[in-house]
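Q: Input structure: data30.cif, which contains mmCIF, C-alpha atoms.
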```
data_entry
#
loop_
_atom_site.group_PDB
_atom_site.id
_atom_site.type_symbol
_atom_site.label_atom_id
_atom_site.label_comp_id
_atom_site.auth_asym_id
_atom_site.auth_seq_id
_atom_site.Cartn_x
_atom_site.Cartn_y
_atom_site.Cartn_z
ATOM 1 C CA MET F 27 84.228 -82.156 -0.891
ATOM 2 C CA ARG F 28 81.916 -80.391 1.546
ATOM 3 C CA MET F 29 84.984 -79.083 3.342
ATOM 4 C CA LEU F 30 86.375 -77.658 0.073
ATOM 5 C CA ILE F 31 83.073 -75.968 -0.795
ATOM 6 C CA ALA F 32 82.820 -74.505 2.731
ATOM 7 C CA THR F 33 86.396 -73.218 2.534
ATOM 8 C CA ILE F 34 85.737 -71.593 -0.853
ATOM 9 C CA ALA F 35 82.505 -70.046 0.467
ATOM 10 C CA VAL F 36 84.270 -68.597 3.541
ATOM 11 C CA ALA F 37 87.143 -67.277 1.415
ATOM 12 C CA ALA F 38 84.699 -65.702 -1.016
ATOM 13 C CA ALA F 39 82.718 -64.110 1.822
ATOM 14 C CA LEU F 40 85.880 -62.714 3.401
ATOM 15 C CA GLY F 41 87.027 -61.411 0.017
ATOM 16 C CA CYS F 42 83.694 -59.688 -0.592
ATOM 17 C CA ALA F 43 83.672 -58.199 2.890
ATOM 18 C CA LYS F 44 87.204 -56.913 2.390
ATOM 19 C CA ASP F 45 86.219 -55.551 -1.034
ATOM 20 C CA ARG F 46 83.154 -53.809 0.449
ATOM 21 C CA THR F 47 85.312 -52.290 3.191
ATOM 22 C CA MET F 48 87.728 -50.943 0.610
ATOM 23 C CA ARG F 49 84.921 -49.380 -1.400
ATOM 24 C CA VAL F 50 83.403 -47.776 1.705
ATOM 25 C CA GLN F 51 86.796 -46.398 2.743
ATOM 26 C CA ASP F 52 87.439 -45.022 -0.762
ATOM 27 C CA ARG F 53 84.107 -43.179 -0.969
ATOM 28 C CA PRO F 54 85.182 -40.145 1.100
ATOM 29 C CA LEU F 55 88.327 -39.759 -0.989
ATOM 30 C CA ALA F 56 86.383 -40.076 -4.230
ATOM 31 C CA ALA F 57 83.771 -37.624 -2.965
ATOM 32 C CA ALA F 58 86.476 -35.150 -1.944
ATOM 33 C CA LEU F 59 88.141 -35.400 -5.334
ATOM 34 C CA ALA F 60 84.818 -35.029 -7.137
ATOM 35 C CA SER F 61 83.812 -32.019 -5.027
ATOM 36 C CA GLU F 62 87.045 -30.108 -5.713
ATOM 37 C CA ARG F 63 85.950 -27.347 -8.075
ATOM 38 C CA PRO F 64 88.253 -26.300 -10.908
ATOM 39 C CA THR F 65 89.795 -22.923 -10.050
ATOM 40 C CA VAL F 66 91.838 -20.295 -11.882
ATOM 41 C CA PRO F 67 94.024 -18.336 -9.436
ATOM 42 C CA ALA F 68 93.811 -14.607 -8.731
ATOM 43 C CA GLY F 69 96.294 -12.642 -10.820
ATOM 44 C CA THR F 70 95.576 -14.585 -14.019
ATOM 45 C CA ASP F 71 95.468 -12.329 -17.081
ATOM 46 C CA PHE F 72 93.017 -12.775 -19.953
ATOM 47 C CA THR F 73 91.596 -10.756 -22.848
ATOM 48 C CA VAL F 74 88.031 -10.012 -23.918
ATOM 49 C CA ALA F 75 86.554 -8.133 -26.890
ATOM 50 C CA LEU F 76 83.504 -5.906 -26.383
ATOM 51 C CA ASN F 77 80.361 -7.128 -28.165
ATOM 52 C CA ASP F 78 78.857 -3.634 -28.243
ATOM 53 C CA GLY F 79 80.520 -0.273 -28.054
ATOM 54 C CA LEU F 80 80.556 1.806 -24.881
ATOM 55 C CA ALA F 81 80.464 5.617 -24.813
ATOM 56 C CA THR F 82 80.144 8.337 -22.212
ATOM 57 C CA SER F 83 77.384 9.969 -24.285
ATOM 58 C CA LEU F 84 75.306 6.792 -24.627
ATOM 59 C CA HIS F 85 75.659 4.882 -21.378
ATOM 60 C CA THR F 86 74.474 5.559 -17.854
ATOM 61 C CA PRO F 87 75.161 3.821 -14.561
ATOM 62 C CA GLU F 88 73.690 0.314 -14.525
ATOM 63 C CA SER F 89 73.902 -0.037 -18.332
ATOM 64 C CA VAL F 90 74.923 -3.618 -19.003
ATOM 65 C CA PHE F 91 77.378 -4.874 -21.585
ATOM 66 C CA THR F 92 78.948 -8.135 -22.703
ATOM 67 C CA ALA F 93 82.312 -9.164 -24.055
ATOM 68 C CA ILE F 94 83.714 -12.344 -25.601
ATOM 69 C CA VAL F 95 86.721 -14.176 -24.149
ATOM 70 C CA THR F 96 89.386 -14.269 -26.892
ATOM 71 C CA ARG F 97 91.456 -17.225 -25.579
ATOM 72 C CA PRO F 98 90.621 -20.089 -23.219
ATOM 73 C CA ILE F 99 91.242 -19.492 -19.515
ATOM 74 C CA MET F 100 92.960 -22.556 -18.019
ATOM 75 C CA THR F 101 93.320 -23.907 -14.498
ATOM 76 C CA PRO F 102 96.851 -24.686 -13.241
ATOM 77 C CA ARG F 103 96.045 -28.354 -13.967
ATOM 78 C CA GLY F 104 95.544 -27.531 -17.653
ATOM 79 C CA GLU F 105 91.747 -27.812 -17.629
ATOM 80 C CA VAL F 106 89.800 -25.272 -19.687
ATOM 81 C CA LEU F 107 87.498 -23.485 -17.225
ATOM 82 C CA VAL F 108 86.460 -20.675 -19.598
ATOM 83 C CA PRO F 109 86.470 -21.551 -23.298
ATOM 84 C CA LYS F 110 87.281 -19.141 -26.104
ATOM 85 C CA GLY F 111 84.044 -17.371 -27.065
ATOM 86 C CA ALA F 112 82.565 -17.482 -23.546
ATOM 87 C CA ILE F 113 80.490 -14.446 -22.503
ATOM 88 C CA LEU F 114 81.677 -12.016 -19.820
ATOM 89 C CA ARG F 115 78.920 -9.812 -18.383
ATOM 90 C CA GLY F 116 79.516 -6.398 -16.905
ATOM 91 C CA ARG F 117 77.881 -3.089 -16.129
ATOM 92 C CA VAL F 118 78.673 0.595 -16.184
ATOM 93 C CA VAL F 119 79.087 1.764 -12.591
ATOM 94 C CA ALA F 120 79.583 5.475 -13.273
ATOM 95 C CA VAL F 121 79.942 7.937 -16.145
ATOM 96 C CA GLU F 122 81.899 11.188 -15.794
ATOM 97 C CA HIS F 123 81.946 13.847 -18.487
ATOM 98 C CA ALA F 124 84.358 16.387 -16.961
ATOM 99 C CA PRO F 125 87.129 17.092 -16.416
ATOM 100 C CA THR F 126 88.092 13.854 -18.166
ATOM 101 C CA PRO F 127 85.484 11.617 -19.818
ATOM 102 C CA THR F 128 85.474 8.411 -17.787
ATOM 103 C CA LEU F 129 83.561 5.132 -17.767
ATOM 104 C CA ARG F 130 83.786 3.107 -14.568
ATOM 105 C CA LEU F 131 83.101 -0.557 -15.350
ATOM 106 C CA ALA F 132 82.487 -3.634 -13.223
ATOM 107 C CA PHE F 133 82.696 -7.234 -14.406
ATOM 108 C CA ASP F 134 80.085 -9.443 -12.760
ATOM 109 C CA SER F 135 79.864 -12.942 -14.246
ATOM 110 C CA ILE F 136 81.350 -15.226 -16.872
ATOM 111 C CA ASP F 137 80.311 -18.426 -18.632
ATOM 112 C CA THR F 138 82.439 -21.418 -17.623
ATOM 113 C CA THR F 139 82.440 -25.041 -18.709
ATOM 114 C CA HIS F 140 80.490 -25.704 -15.479
ATOM 115 C CA GLY F 141 77.933 -22.876 -15.811
ATOM 116 C CA LEU F 142 77.705 -19.177 -14.928
ATOM 117 C CA ALA F 143 80.208 -18.003 -12.283
ATOM 118 C CA PRO F 144 80.747 -14.691 -10.466
ATOM 119 C CA ILE F 145 83.990 -12.938 -11.396
ATOM 120 C CA SER F 146 86.220 -10.295 -9.899
ATOM 121 C CA ALA F 147 88.451 -8.706 -12.548
ATOM 122 C CA GLN F 148 90.040 -5.394 -13.435
ATOM 123 C CA ILE F 149 91.414 -3.828 -16.603
ATOM 124 C CA THR F 150 95.191 -4.033 -16.327
ATOM 125 C CA GLU F 151 96.763 -1.591 -18.751
ATOM 126 C CA ASP F 152 96.277 1.373 -21.009
ATOM 127 C CA GLN F 153 95.167 0.301 -24.465
ATOM 128 C CA ALA F 154 93.265 1.331 -27.574
ATOM 129 C CA GLY F 155 93.872 5.054 -27.031
ATOM 130 C CA PHE F 156 92.563 5.324 -23.469
ATOM 131 C CA THR F 157 94.034 5.140 -20.001
ATOM 132 C CA VAL F 158 93.075 2.936 -17.090
ATOM 133 C CA ALA F 159 92.625 4.447 -13.646
ATOM 134 C CA THR F 160 92.286 1.529 -11.254
ATOM 135 C CA GLU F 161 90.615 2.353 -7.985
ATOM 136 C CA GLU F 162 91.731 0.839 -4.717
ATOM 137 C CA ALA F 163 89.098 -1.767 -4.014
ATOM 138 C CA ASP F 164 88.618 -5.072 -2.273
ATOM 139 C CA PRO F 165 89.552 -7.580 -5.013
ATOM 140 C CA SER F 166 87.490 -10.303 -3.360
ATOM 141 C CA VAL F 167 84.305 -8.349 -4.084
ATOM 142 C CA THR F 168 82.568 -9.340 -7.303
ATOM 143 C CA GLY F 169 82.846 -6.572 -9.840
ATOM 144 C CA TRP F 170 85.953 -4.757 -8.661
ATOM 145 C CA ASP F 171 85.697 -1.449 -10.563
ATOM 146 C CA SER F 172 87.987 -0.277 -13.352
ATOM 147 C CA ALA F 173 87.875 3.279 -14.652
ATOM 148 C CA ILE F 174 88.643 3.963 -18.308
ATOM 149 C CA GLN F 175 89.519 7.557 -19.191
ATOM 150 C CA ALA F 176 89.845 9.414 -22.461
ATOM 151 C CA PRO F 177 93.450 10.355 -23.236
ATOM 152 C CA ALA F 178 94.617 13.722 -22.033
ATOM 153 C CA LEU F 179 94.302 16.264 -24.839
ATOM 154 C CA GLY F 180 95.372 19.828 -24.528
ATOM 155 C CA PRO F 181 96.695 22.786 -26.495
ATOM 156 C CA GLY F 182 99.078 21.631 -29.194
ATOM 157 C CA MET F 183 97.792 18.047 -28.981
ATOM 158 C CA GLY F 184 94.817 18.510 -31.277
ATOM 159 C CA GLY F 185 92.350 18.798 -28.461
ATOM 160 C CA GLY F 186 91.945 22.465 -27.640
ATOM 161 C CA PRO F 187 91.695 23.607 -24.024
ATOM 162 C CA PRO F 188 92.023 20.821 -21.434
ATOM 163 C CA ASP F 189 88.443 21.394 -20.205
ATOM 164 C CA GLU F 190 86.920 21.092 -23.682
ATOM 165 C CA ALA F 191 84.047 18.621 -23.721
ATOM 166 C CA ARG F 192 85.076 15.318 -25.249
ATOM 167 C CA GLU F 193 83.632 11.861 -25.346
ATOM 168 C CA LEU F 194 85.114 8.486 -24.510
ATOM 169 C CA VAL F 195 84.127 5.883 -27.102
ATOM 170 C CA LEU F 196 85.089 2.201 -26.981
ATOM 171 C CA PRO F 197 83.890 0.674 -30.270
ATOM 172 C CA ALA F 198 82.560 -2.882 -30.534
ATOM 173 C CA GLY F 199 85.509 -5.245 -30.824
ATOM 174 C CA THR F 200 87.728 -3.189 -28.505
ATOM 175 C CA GLU F 201 89.979 -5.608 -26.641
ATOM 176 C CA LEU F 202 90.318 -5.215 -22.892
ATOM 177 C CA LYS F 203 93.126 -6.905 -20.991
ATOM 178 C CA LEU F 204 91.837 -8.077 -17.623
ATOM 179 C CA ARG F 205 93.326 -9.615 -14.461
ATOM 180 C CA LEU F 206 91.439 -11.745 -11.958
ATOM 181 C CA GLY F 207 91.240 -10.005 -8.579
ATOM 182 C CA ALA F 208 90.082 -13.191 -6.820
ATOM 183 C CA PRO F 209 90.162 -16.868 -7.775
ATOM 184 C CA LEU F 210 87.629 -17.852 -10.437
ATOM 185 C CA ARG F 211 85.908 -21.057 -9.302
ATOM 186 C CA ALA F 212 83.622 -23.333 -11.271
ATOM 187 C CA PRO F 213 80.118 -23.136 -9.808
ATOM 188 C CA GLN F 214 78.946 -26.105 -7.759
ATOM 189 C CA ARG F 215 76.739 -28.489 -9.678
#
```
What's the C-alpha cells form of this structure?
A:
Amino acid sequence: MRMLIATIAVAAALGCAKDRTMRVQDRPLAAALASERPTVPAGTDFTVALNDGLATSLHTPESVFTAIVTRPIMTPRGEVLVPKGAILRGRVVAVEHAPTPTLRLAFDSIDTTHGLAPISAQITEDQAGFTVATEEADPSVTGWDSAIQAPALGPGMGGGPPDEARELVLPAGTELKLRLGAPLRAPQR
C-alpha cells in the first residue's frame, strides 16, 4: 500500500512539474500574442463627416476641427479598430485666399477601441464641389497634409474673372474620403 501511495505521489509530482514547465514555456507565446496590437494597413480608405464647417474666411492656421467616422474601420482580421461615430481630430495647416481659395488640412488623431491613436491620412478625391491638391509628403509623418481648393471659376462659368475673390466653404456634414498614409495601430495599453 505504501508503495502504491509513493508511486501515485511521484507520478503526481512529475505531472505537476511537467504541467508547470508547459505553462512557463507557453508564457512567452501568450505574451507575444497579447502584445500584438491591432493594426489597419496603410492604403485603407474610410469616410468622415465634418462636425463643424470649415471656411477660408473663418479659419486660420492651427484652427482645430473634428469629424465623425461614418463606417467602422476594420483590421484585416475583421476586428473593429475604429467604430462608426469615432472622432477624428485635425487642424488647419494653411489658408490661401488667392489665386485659388485653399484650405490645407492635417489629420492628427482618432479614437479607437483601444484609446486615442495618432493617424496619418490624406483626402483621396475631389468631392462636394471642391478639388483636392495632395502635396508630396512623407506618409509616415502624422498629419500628412491635404489641400482642398475651391473649384476653378472663370468667365462663362458664373464666376467672373479668374482672380475674383471667392471663398472655400465646407459646411458641417461634408463627407471627406480619406486614405491612411501609414498603418493605424491601436495604442499600447
Q: So which one's closest to F:Gly199, F:Val74, F:Ile174, F:Met100, F:Val90? Using only C-alpha atoms, please.
A: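 Ranking F:Val74, F:Ile174, F:Met100, F:Val90 by distance to F:Gly199, first place goes to F:Val74.
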Q: In Å, rounded to a single decimal, give me how far atom CA of F:Ala68 is from atom CA of F:Thr139.
A: 18.4 Å
Q: Quick check, in Å to one decimal: how far apart do atom CA of F:Arg205 and atom CA of F:Ser83 lie?
A: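 Going from atom CA of F:Arg205 over to atom CA of F:Ser83, I get 27.1 Å.
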Q: Name the closest residue to F:Arg215 among the candidates F:Leu142, F:Leu80, F:Ala176, F:Leu196; distances are taken between atoms, counting only C-alpha atoms.
A: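 With only C-alpha atoms as the atom set, the closest residue is F:Leu142.
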Q: With the file shown as input, list the residues that the PyMOL selection byres ((chain F and resi 149) around 8) selects, as an NGL selection string.
A: :F and (147-148 or 150-151 or 158 or 160 or 172 or 202-205)
Q: Could you tell me, as an MDAnalysis selection string, exactly which residues end up selected when the PyMOL selection byres ((chain F and resi 206) around 12) is applied to this structure?
A: chainID F and resid 65:73 99 133:136 144:150 165:171 203:205 207:211
Q: Could you give me, as a list in words, the residues within 9 Å of F:Gly111, counting all atoms listed in the file and dropping anything in the same chain fewer than 6 positions from it?
A: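 Result of the neighbour search: Val74, Ala93, Ile94, Val95, Thr96, Arg97 and Pro98 of chain F.
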Q: Any idea what the distance is between atom CA of F:Leu107 and atom CA of F:Ala132?
A: 20.9 Å
